[in-house]
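What follows is the content of protein.tsv, which has TSV, C-alpha atoms:
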chain	number	residue	atom	x	y	z
A	1	MET	CA	-13.84	-20.54	-13.46
A	2	LYS	CA	-13.45	-19.09	-16.91
A	3	LEU	CA	-14.51	-21.23	-19.81
A	4	VAL	CA	-14.46	-18.66	-22.53
A	5	ASP	CA	-11.19	-17.48	-23.91
A	6	SER	CA	-11.07	-14.08	-22.33
A	7	LYS	CA	-8.27	-11.89	-21.20
A	8	ALA	CA	-8.01	-9.99	-17.96
A	9	ILE	CA	-7.31	-6.29	-18.28
A	10	LYS	CA	-5.35	-4.89	-15.38
A	11	VAL	CA	-5.93	-1.66	-13.55
A	12	GLY	CA	-3.04	-0.41	-11.39
A	13	ILE	CA	-3.13	1.89	-8.39
A	14	ALA	CA	-4.45	5.35	-9.26
A	15	ASP	CA	-5.27	4.01	-12.70
A	16	LEU	CA	-8.31	3.24	-14.83
A	17	ASN	CA	-9.16	1.15	-17.86
A	18	PHE	CA	-12.00	-0.19	-19.99
A	19	VAL	CA	-13.25	-3.61	-21.03
A	20	LYS	CA	-15.64	-5.29	-23.48
A	21	ALA	CA	-17.15	-8.75	-23.01
A	22	PRO	CA	-15.88	-11.49	-23.00
A	23	ASP	CA	-12.78	-9.92	-21.44
A	24	VAL	CA	-12.71	-9.16	-17.74
A	25	ILE	CA	-11.12	-6.30	-15.83
A	26	ARG	CA	-9.38	-6.51	-12.47
A	27	THR	CA	-7.49	-4.57	-9.87
A	28	SER	CA	-5.49	-6.06	-7.02
A	29	GLY	CA	-4.87	-5.17	-3.41
A	30	LEU	CA	-7.46	-2.48	-2.72
A	31	GLY	CA	-7.09	-1.26	0.85
A	32	SER	CA	-8.44	2.18	1.59
A	33	CYS	CA	-8.62	2.72	-2.15
A	34	VAL	CA	-11.97	2.19	-3.84
A	35	GLY	CA	-12.55	0.14	-6.99
A	36	VAL	CA	-15.32	1.74	-9.04
A	37	VAL	CA	-16.96	-0.18	-11.88
A	38	ILE	CA	-19.36	1.59	-14.21
A	39	PHE	CA	-21.03	-0.51	-16.88
A	40	ASP	CA	-23.77	-0.78	-19.45
A	41	PRO	CA	-25.23	-4.27	-18.95
A	42	THR	CA	-26.86	-4.48	-22.37
A	43	ILE	CA	-23.96	-3.61	-24.58
A	44	LYS	CA	-21.57	-5.23	-22.11
A	45	ILE	CA	-18.87	-2.66	-21.74
A	46	ALA	CA	-17.41	-1.41	-18.50
A	47	GLY	CA	-14.80	0.89	-17.04
A	48	MET	CA	-12.96	0.41	-13.76
A	49	ALA	CA	-11.03	2.95	-11.69
A	50	HIS	CA	-8.75	2.33	-8.70
A	51	VAL	CA	-9.37	5.55	-6.78
A	52	MET	CA	-6.83	6.48	-4.15
A	53	LEU	CA	-8.00	9.83	-2.79
A	54	PRO	CA	-11.35	11.60	-2.57
A	55	ASP	CA	-10.70	15.07	-3.88
A	56	SER	CA	-8.33	16.53	-6.47
A	57	ASN	CA	-8.51	19.90	-4.74
A	58	SER	CA	-6.25	18.42	-2.08
A	59	SER	CA	-3.55	17.94	-4.70
A	60	LYS	CA	-0.59	20.16	-4.09
A	61	LYS	CA	0.46	19.82	-7.68
A	62	GLU	CA	-1.05	21.26	-10.82
A	63	ASP	CA	-0.31	18.48	-13.26
A	64	PHE	CA	-1.77	15.78	-11.04
A	65	ASN	CA	-2.82	12.33	-12.21
A	66	PRO	CA	-6.62	12.58	-12.72
A	67	TYR	CA	-7.04	8.81	-12.32
A	68	LYS	CA	-6.03	9.11	-8.69
A	69	TYR	CA	-9.02	11.09	-7.41
A	70	ALA	CA	-12.71	10.20	-7.16
A	71	ASP	CA	-13.82	13.59	-8.49
A	72	THR	CA	-11.64	13.39	-11.60
A	73	ALA	CA	-11.53	9.63	-12.37
A	74	ILE	CA	-15.29	9.05	-12.40
A	75	PRO	CA	-16.04	11.73	-15.03
A	76	ILE	CA	-13.39	10.13	-17.28
A	77	LEU	CA	-15.01	6.71	-16.81
A	78	VAL	CA	-18.45	8.06	-17.66
A	79	GLU	CA	-17.45	10.23	-20.61
A	80	THR	CA	-15.35	7.48	-22.18
A	81	LEU	CA	-18.11	4.87	-21.79
A	82	LEU	CA	-20.61	7.22	-23.43
A	83	LYS	CA	-18.20	7.85	-26.27
A	84	ASP	CA	-17.83	4.10	-26.72
A	85	GLY	CA	-21.56	3.67	-27.17
A	86	ALA	CA	-22.87	3.16	-23.64
A	87	ARG	CA	-26.22	4.78	-22.93
A	88	LYS	CA	-26.37	7.26	-20.06
A	89	PHE	CA	-29.69	5.98	-18.67
A	90	ALA	CA	-28.43	2.38	-18.69
A	91	LEU	CA	-25.26	2.97	-16.74
A	92	LYS	CA	-24.93	1.20	-13.41
A	93	ALA	CA	-22.17	0.99	-10.85
A	94	LYS	CA	-20.65	-1.48	-8.43
A	95	ILE	CA	-18.06	-0.44	-5.89
A	96	ALA	CA	-15.71	-2.19	-3.47
A	97	GLY	CA	-12.91	-1.18	-1.11
A	98	GLY	CA	-12.53	1.73	1.28
A	99	ALA	CA	-11.22	-0.42	4.10
A	100	GLN	CA	-9.37	0.81	7.12
A	101	MET	CA	-6.24	-1.31	7.16
A	102	PHE	CA	-4.83	-0.13	10.47
A	103	ALA	CA	-6.88	-0.01	13.59
A	104	PHE	CA	-5.44	3.26	14.87
A	105	SER	CA	-7.54	5.55	16.92
A	106	VAL	CA	-5.94	8.52	15.31
A	107	LYS	CA	-6.83	12.11	14.85
A	108	ASN	CA	-5.04	12.07	11.52
A	109	ASP	CA	-7.60	12.40	8.76
A	110	MET	CA	-5.42	10.47	6.35
A	111	LEU	CA	-6.08	7.31	8.30
A	112	ARG	CA	-9.82	7.50	7.77
A	113	ILE	CA	-9.19	7.84	4.09
A	114	GLY	CA	-11.14	4.69	3.16
A	115	GLU	CA	-14.35	6.12	4.53
A	116	ARG	CA	-13.75	9.44	2.81
A	117	ASN	CA	-13.03	7.71	-0.50
A	118	VAL	CA	-16.32	5.81	-0.33
A	119	THR	CA	-18.28	8.97	0.45
A	120	ALA	CA	-16.64	10.86	-2.41
A	121	VAL	CA	-17.26	8.04	-4.91
A	122	LYS	CA	-20.92	7.79	-3.91
A	123	GLN	CA	-21.36	11.53	-4.23
A	124	MET	CA	-19.88	11.57	-7.74
A	125	LEU	CA	-22.09	8.67	-8.86
A	126	GLU	CA	-25.10	10.42	-7.35
A	127	ASP	CA	-24.25	13.57	-9.29
A	128	TYR	CA	-24.26	11.54	-12.50
A	129	ARG	CA	-27.47	9.76	-11.39
A	130	ILE	CA	-25.76	6.40	-11.79
A	131	PRO	CA	-27.28	3.85	-9.39
A	132	ILE	CA	-24.93	1.72	-7.28
A	133	ILE	CA	-26.54	-1.70	-7.57
A	134	ALA	CA	-24.03	-3.54	-5.38
A	135	GLU	CA	-21.26	-2.59	-2.98
A	136	ASP	CA	-18.78	-4.19	-0.61
A	137	VAL	CA	-17.09	-1.38	1.27
A	138	HIS	CA	-15.38	-0.54	4.59
A	139	GLY	CA	-14.21	-3.29	6.92
A	140	ASN	CA	-10.51	-3.94	7.37
A	141	SER	CA	-9.55	-6.40	4.66
A	142	GLY	CA	-7.69	-5.88	1.43
A	143	ARG	CA	-9.66	-6.82	-1.68
A	144	THR	CA	-8.88	-7.93	-5.21
A	145	ILE	CA	-11.78	-7.39	-7.57
A	146	GLU	CA	-12.62	-8.65	-11.04
A	147	PHE	CA	-15.57	-7.55	-13.11
A	148	SER	CA	-17.08	-9.43	-16.00
A	149	PRO	CA	-19.14	-7.26	-18.37
A	150	GLU	CA	-20.59	-10.49	-19.79
A	151	THR	CA	-22.37	-11.37	-16.52
A	152	SER	CA	-22.24	-7.94	-14.81
A	153	MET	CA	-20.84	-9.72	-11.75
A	154	LEU	CA	-18.08	-8.38	-9.56
A	155	HIS	CA	-15.90	-11.07	-8.01
A	156	ILE	CA	-14.24	-10.04	-4.74
A	157	ARG	CA	-11.38	-11.90	-3.12
A	158	THR	CA	-10.09	-11.22	0.39
A	159	ILE	CA	-7.47	-13.04	2.43
A	160	SER	CA	-9.43	-13.51	5.63
A	161	GLN	CA	-13.07	-13.43	4.49
A	162	GLY	CA	-12.82	-15.63	1.41
A	163	SER	CA	-14.37	-14.77	-1.94
A	164	LYS	CA	-17.78	-13.66	-3.07
A	165	GLU	CA	-19.67	-12.24	-6.02
A	166	ILE	CA	-21.87	-9.19	-5.95
B	1	MET	CA	10.45	21.84	-8.87
B	2	SER	CA	9.69	19.13	-6.37
B	3	ILE	CA	12.29	17.35	-4.33
B	4	PHE	CA	11.65	14.24	-6.40
B	5	ASP	CA	12.99	15.80	-9.54
B	6	SER	CA	16.05	17.35	-8.03
B	7	LEU	CA	17.86	14.78	-5.92
B	8	THR	CA	21.59	14.78	-6.47
B	9	GLU	CA	23.81	11.71	-6.39
B	10	TYR	CA	25.31	13.05	-3.22
B	11	GLN	CA	21.94	13.37	-1.55
B	12	LEU	CA	21.04	9.84	-2.61
B	13	ASP	CA	24.19	8.60	-0.91
B	14	VAL	CA	23.19	10.43	2.23
B	15	LEU	CA	19.80	8.74	2.18
B	16	LYS	CA	21.56	5.38	1.84
B	17	GLU	CA	23.55	6.27	4.91
B	18	VAL	CA	20.32	7.01	6.74
B	19	GLY	CA	19.18	3.50	5.85
B	20	ASN	CA	22.53	2.07	6.94
B	21	ILE	CA	22.46	3.64	10.35
B	22	GLY	CA	18.88	2.66	11.06
B	23	SER	CA	18.94	-0.90	9.88
B	24	GLY	CA	22.43	-1.55	11.26
B	25	ASN	CA	21.10	-0.90	14.70
B	26	ALA	CA	17.98	-2.94	13.99
B	27	ALA	CA	20.10	-5.88	12.82
B	28	THR	CA	22.04	-5.77	16.08
B	29	SER	CA	18.83	-5.83	18.11
B	30	LEU	CA	17.51	-8.70	16.06
B	31	SER	CA	20.72	-10.70	16.57
B	32	MET	CA	20.21	-10.44	20.29
B	33	LEU	CA	16.55	-11.36	20.00
B	34	VAL	CA	17.04	-14.55	17.99
B	35	GLY	CA	20.56	-15.40	19.16
B	36	SER	CA	22.15	-15.63	15.73
B	37	LYS	CA	24.20	-13.32	13.59
B	38	ILE	CA	22.14	-10.97	11.43
B	39	ASP	CA	23.65	-8.99	8.61
B	40	MET	CA	22.38	-6.00	6.82
B	41	ARG	CA	22.48	-5.63	3.08
B	42	ILE	CA	23.57	-2.41	1.49
B	43	PRO	CA	20.56	-0.10	1.42
B	44	THR	CA	18.89	0.85	-1.81
B	45	VAL	CA	17.26	4.18	-2.35
B	46	ARG	CA	14.59	3.96	-4.97
B	47	LEU	CA	12.38	6.43	-6.68
B	48	VAL	CA	9.36	4.33	-7.59
B	49	ASP	CA	5.79	4.85	-8.66
B	50	TYR	CA	3.08	3.18	-6.58
B	51	ASN	CA	2.82	0.11	-8.74
B	52	GLU	CA	6.57	-0.42	-8.74
B	53	MET	CA	6.55	-0.24	-4.96
B	54	MET	CA	4.12	-3.17	-4.83
B	55	ASP	CA	6.38	-5.11	-7.18
B	56	LEU	CA	9.23	-4.79	-4.66
B	57	VAL	CA	7.37	-7.24	-2.43
B	58	GLY	CA	5.98	-9.51	-5.14
B	59	GLY	CA	2.97	-7.59	-6.45
B	60	PRO	CA	-0.15	-5.98	-4.96
B	61	GLU	CA	-1.94	-9.23	-4.22
B	62	THR	CA	0.97	-10.90	-2.41
B	63	LEU	CA	0.20	-11.81	1.17
B	64	ILE	CA	2.57	-10.10	3.59
B	65	ALA	CA	2.91	-9.43	7.29
B	66	ALA	CA	3.80	-5.80	7.87
B	67	ILE	CA	4.56	-3.70	10.87
B	68	PHE	CA	3.53	-0.15	10.14
B	69	LEU	CA	4.27	2.94	12.08
B	70	ARG	CA	3.86	6.61	11.52
B	71	ILE	CA	6.74	8.87	12.45
B	72	GLU	CA	5.79	12.26	13.82
B	73	GLY	CA	8.19	15.01	14.81
B	74	GLU	CA	10.57	17.12	12.82
B	75	THR	CA	10.87	14.76	9.87
B	76	PRO	CA	7.55	12.97	9.57
B	77	GLY	CA	7.15	9.87	7.48
B	78	ASN	CA	6.01	6.28	7.42
B	79	MET	CA	7.85	3.09	8.07
B	80	PHE	CA	7.15	-0.51	7.23
B	81	PHE	CA	8.89	-3.68	8.23
B	82	VAL	CA	7.70	-6.27	5.73
B	83	LEU	CA	7.87	-10.05	5.94
B	84	SER	CA	6.87	-12.54	3.26
B	85	SER	CA	4.83	-15.56	4.24
B	86	GLN	CA	7.91	-17.80	4.60
B	87	GLU	CA	9.83	-15.11	6.45
B	88	ALA	CA	6.98	-14.61	8.93
B	89	SER	CA	6.84	-18.37	9.61
B	90	ASN	CA	10.58	-18.44	10.23
B	91	PHE	CA	10.41	-15.49	12.58
B	92	VAL	CA	7.66	-17.10	14.62
B	93	GLU	CA	9.52	-20.40	14.76
B	94	GLN	CA	12.71	-18.72	15.95
B	95	MET	CA	10.93	-16.77	18.63
B	96	THR	CA	8.34	-19.21	19.92
B	97	GLY	CA	9.39	-22.64	18.65
B	98	GLN	CA	6.04	-22.95	16.90
B	99	THR	CA	6.61	-24.78	13.62
B	100	ASP	CA	3.19	-24.67	11.98
B	101	PHE	CA	2.47	-20.95	11.88
B	102	SER	CA	1.58	-19.56	8.49
B	103	ILE	CA	0.06	-16.19	7.67
B	104	GLU	CA	-1.79	-17.98	4.88
B	105	HIS	CA	-4.05	-19.83	7.28
B	106	PRO	CA	-6.15	-17.52	9.42
B	107	PRO	CA	-7.31	-17.31	12.15
B	108	HIS	CA	-3.85	-16.72	13.53
B	109	ASP	CA	-2.45	-17.95	16.78
B	110	GLU	CA	-2.32	-15.12	19.35
B	111	MET	CA	1.08	-16.12	20.62
B	112	ALA	CA	2.58	-16.07	17.12
B	113	LEU	CA	1.02	-12.72	16.36
B	114	SER	CA	2.37	-11.16	19.50
B	115	ALA	CA	5.82	-12.56	18.72
B	116	LEU	CA	5.69	-10.87	15.31
B	117	GLN	CA	4.35	-7.70	16.84
B	118	GLU	CA	7.11	-7.70	19.42
B	119	ALA	CA	9.81	-8.32	16.82
B	120	GLY	CA	8.40	-5.43	14.84
B	121	ASN	CA	8.38	-3.14	17.87
B	122	ILE	CA	11.98	-3.89	18.69
B	123	LEU	CA	13.21	-3.58	15.13
B	124	ALA	CA	11.34	-0.43	14.25
B	125	GLY	CA	12.25	1.08	17.61
B	126	SER	CA	15.96	0.44	17.20
B	127	TYR	CA	15.91	1.67	13.60
B	128	LEU	CA	14.32	4.93	14.62
B	129	THR	CA	16.45	5.45	17.72
B	130	ALA	CA	19.57	5.20	15.60
B	131	LEU	CA	18.09	7.51	13.03
B	132	SER	CA	17.08	10.08	15.56
B	133	ASP	CA	20.58	10.04	17.14
B	134	PHE	CA	22.20	10.35	13.75
B	135	LEU	CA	20.04	13.19	12.56
B	136	LYS	CA	19.87	14.83	15.97
B	137	LEU	CA	16.20	15.25	15.45
B	138	SER	CA	13.39	14.21	17.66
B	139	LEU	CA	11.23	11.57	16.02
B	140	GLN	CA	8.13	10.25	17.72
B	141	PRO	CA	6.95	6.91	16.42
B	142	SER	CA	3.33	5.85	16.76
B	143	VAL	CA	2.66	2.45	18.28
B	144	PRO	CA	3.65	-0.06	15.60
B	145	ILE	CA	0.75	-2.02	14.17
B	146	LEU	CA	0.94	-5.51	12.75
B	147	THR	CA	-1.25	-6.18	9.73
B	148	ILE	CA	-1.45	-9.31	7.62
B	149	ASP	CA	-3.04	-8.81	4.23
B	150	MET	CA	-2.40	-8.07	0.57
B	151	ALA	CA	0.69	-5.95	-0.04
B	152	GLY	CA	-1.21	-3.42	-2.14
B	153	ALA	CA	-3.82	-2.85	0.55
B	154	ILE	CA	-1.22	-2.35	3.28
B	155	LEU	CA	1.51	-0.39	1.53
B	156	THR	CA	-0.80	2.10	-0.17
B	157	GLU	CA	-1.68	3.41	3.29
B	158	GLY	CA	1.90	4.54	3.63
B	159	LEU	CA	1.66	6.52	0.41
B	160	MET	CA	-1.34	8.64	1.32
B	161	GLU	CA	0.50	11.72	2.56
B	162	LEU	CA	2.84	11.51	-0.35
B	163	SER	CA	0.23	10.91	-2.98
B	164	GLN	CA	-1.13	14.43	-2.67
B	165	ILE	CA	2.14	15.76	-3.90
B	166	SER	CA	3.74	13.13	-6.03
B	167	ASP	CA	3.08	10.03	-8.08
B	168	TYR	CA	6.43	8.73	-6.92
B	169	ALA	CA	7.84	7.73	-3.57
B	170	ILE	CA	11.41	7.77	-2.37
B	171	ILE	CA	11.93	4.53	-0.54
B	172	ILE	CA	14.93	3.75	1.57
B	173	GLU	CA	14.97	-0.02	1.48
B	174	THR	CA	17.18	-2.29	3.54
B	175	ILE	CA	17.15	-6.03	3.94
B	176	ILE	CA	18.40	-7.74	7.06
B	177	ASP	CA	19.29	-11.37	6.77
B	178	ASN	CA	21.04	-14.17	8.70
B	179	HIS	CA	22.07	-15.95	5.48
B	180	ALA	CA	20.69	-19.30	6.60
B	181	ASP	CA	18.93	-21.64	4.20
B	182	GLN	CA	15.35	-21.05	3.26
B	183	THR	CA	13.62	-22.71	6.20
B	184	GLU	CA	15.74	-21.00	8.82
B	185	GLN	CA	16.33	-17.73	7.13
B	186	ILE	CA	15.52	-14.69	9.20
B	187	LYS	CA	14.97	-11.90	6.80
B	188	GLY	CA	12.86	-8.80	6.42
B	189	HIS	CA	12.58	-5.56	4.50
B	190	PHE	CA	12.52	-2.09	5.94
B	191	PHE	CA	10.82	0.61	3.93
B	192	LEU	CA	11.28	4.14	5.15
B	193	LEU	CA	9.12	6.70	3.39
B	194	PRO	CA	9.84	10.21	4.58
B	195	ASP	CA	7.09	12.71	3.82
B	196	PRO	CA	8.14	15.05	1.00
B	197	GLU	CA	8.71	18.00	3.32
B	198	SER	CA	11.12	15.91	5.42
B	199	PHE	CA	13.80	15.62	2.75
B	200	PRO	CA	15.03	19.23	2.89
B	201	LYS	CA	15.22	18.93	6.68
B	202	ILE	CA	17.21	15.72	6.54
B	203	PHE	CA	19.57	17.22	3.96
B	204	SER	CA	20.09	20.44	5.86
B	205	LYS	CA	20.71	18.56	9.13
B	206	LEU	CA	23.39	16.56	7.40
B	207	GLY	CA	24.82	19.59	5.67
B	208	VAL	CA	24.04	18.48	2.11
B	209	ALA	CA	21.10	20.74	1.37
B	210	ASP	CA	22.78	22.22	-1.67
B	211	GLN	CA	25.19	19.53	-2.75
Using the file provided, produce a representation of the structure as structure tokens.
Amino acid sequence: MKLVDSKAIKVGIADLNFVKAPDVIRTSGLGSCVGVVIFDPTIKIAGMAHVMLPDSNSSKKEDFNPYKYADTAIPILVETLLKDGARKFALKAKIAGGAQMFAFSVKNDMLRIGERNVTAVKQMLEDYRIPIIAEDVHGNSGRTIEFSPETSMLHIRTISQGSKEI
Amino acid sequence: MSIFDSLTEYQLDVLKEVGNIGSGNAATSLSMLVGSKIDMRIPTVRLVDYNEMMDLVGGPETLIAAIFLRIEGETPGNMFFVLSSQEASNFVEQMTGQTDFSIEHPPHDEMALSALQEAGNILAGSYLTALSDFLKLSLQPSVPILTIDMAGAILTEGLMELSQISDYAIIIETIIDNHADQTEQIKGHFFLLPDPESFPKIFSKLGVADQ
């Protein structure tokens, strides 16, 4: 699949990182978490976050990990990309994840967390006026995603639905 | 200071005992189910961050079969019974005689899935019954749910409650095993993840709240 000599930068759970072409960036095993990629297609840099929860206000701790929440991780992605030379008007986003892994019919809000993560991510991107040009969200499959800033394509692998690019 | 920063050695030992009691009973049930002797390994209590938890089962992208249930009641928490691909195939073979089941090749046979589901029900049920007797607490498990997917996608769900409070999870891990060779080995991992507020209750029930 990869002909150029590029390395894959990893993003863990509740983590984020940045990449420059020809390298790629990936995160594995997204369930209800959402993978958010923000990129500048012309200068070919991107940032990816593996968001676990929608809202840092729900944190019961003061020194929380800002990479964990949609409302704190996305500003870090945007600010860092701008500092690295991305242009605000050129920024675009692709998102994937937000599945519901267990088919409970439960009152517990925590179990609809995928849906809430997607809503929160979309709201943050809307606030920054960053268009989401492709998405693969909801459903009930885990996803591993890999983004190439060279091609601006997001490769998505699932166990039961195969692979695709968006 | 959160409970995660202040666990004493003594309290860790008590948590190991919790794992012992639960999985000992589960191992006995499993022996009866598959008609061979099942042993339990000494439990491990780990304080891990999310990524380390995924590494316990081979990394976030590893395909696993997991029975998940939510424990409600006085000491809420989450529980997983996790099988690797090979372990799931062995379980199904032991229970149904089916030799070609693999979680790597969906769509899955209904019969095999219900065998796994049933094994999970029995194991999780006997683990929790023992635990509830030991702690003299009432624990109400949800209906266990079987899911086959990437470890990261499944296990993160069990961290949601916790993740609002901590970047670490306390996992009581036990392995049950019949010590057969690879193709006949019956083995699985239990992960018990009490919610943070459950720890003080467990410790006070067992009289080690301040030891």
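Within 6 Å of chain A, and using all atoms listed in the file, the residues found on chain B are B:Pro60, B:Glu61, B:Met150, B:Gly152, B:Ala153, B:Gln164, B:Ile165.
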### Task
Go through A:Glu150, A:Pro54, A:Gly35, A:Glu115 and flag the residue nearest A:Val19, using all atoms listed in the file for the distances.
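The closest residue to A:Val19 is A:Glu150.
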### Message
Using all atoms listed in the file, list the residues that have an atom at most 9 Å from (-21.2, 2.0, -5.8), coordinates as in the file, as a PyMOL selection string.
### Response
chain A and resi 35-38+92-96+118+121-122+125+130-137
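Atom pair atom CA of B:Ile186 / atom CA of B:Thr174: separated by 13.7 Å.
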### Summary
Here atom CA of A:Ala8 and atom CA of A:Glu146 stand apart by 8.4 Å
## Note on the structure
In terms of all atoms listed in the file, the residue from B:Leu30, B:Met160, B:Ile176, B:Met95 at minimal distance from B:His189 is B:Ile176
### Query
Closest to B:Gly19 among B:Leu113, B:Ala130, B:Met32, B:Leu146, using only C-alpha atoms?
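Closest to B:Gly19, using only C-alpha atoms: B:Ala130.
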### Query
atom CA of B:Ser102 and atom CA of B:Ser85 are how many Å apart?
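Rounded to one decimal, the two atoms are 6.7 Å apart.
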### Message
I want to know what sits within 7 Å of B:Phe68, based on all atoms listed in the file, with residues of the same chain fewer than 6 positions away left out; could you give that as a list of chain:residue names?
### Response
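Result of the neighbour search: B:Met79, B:Phe80, B:Phe81, B:Pro144, B:Ile145, B:Leu146.
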### Message
List the spatial neighbours of A:Pro75 as a PyMOL selection string - criterion: any atom at most 12 Å away, all atoms listed in the file, same-chain residues fewer than 3 positions off excluded.
### Response
chain A and resi 16+36+38+47-49+66-67+69-72+78-82+121+124-128+130
### Message
Between A:Asp84, A:Leu91, A:Ile166, A:Asn117, which residue has the minimum interatomic distance to A:Met153, considering all atoms listed in the file?
### Response
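Of the candidates, the smallest distance to A:Met153 is held by A:Ile166.
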### Message
Excluding B:Asn20 and its own-chain neighbours fewer than 3 positions away, which residues fall within 12 Å of it when counting only C-alpha atoms? Please give them as a list in words.
### Response
Asp13, Val14, Leu15, Lys16, Glu17, Ser23, Gly24, Asn25, Ala26, Ala27, Asp39, Met40, Arg41, Ile42, Pro43, Thr44, Val45, Tyr127, Leu128, Ala130, Leu131, Phe134, Ile172, Glu173, Thr174, Ile175, Ile176, Phe190 and Leu192 of chain B
### Message
Can you pull out the residues contacting B:Tyr168? Cut-off 7 Å, using all atoms listed in the file, and skip same-chain residues under 2 positions away; I want them as a PyMOL selection string.
### Response
chain B and resi 47-50+166+170
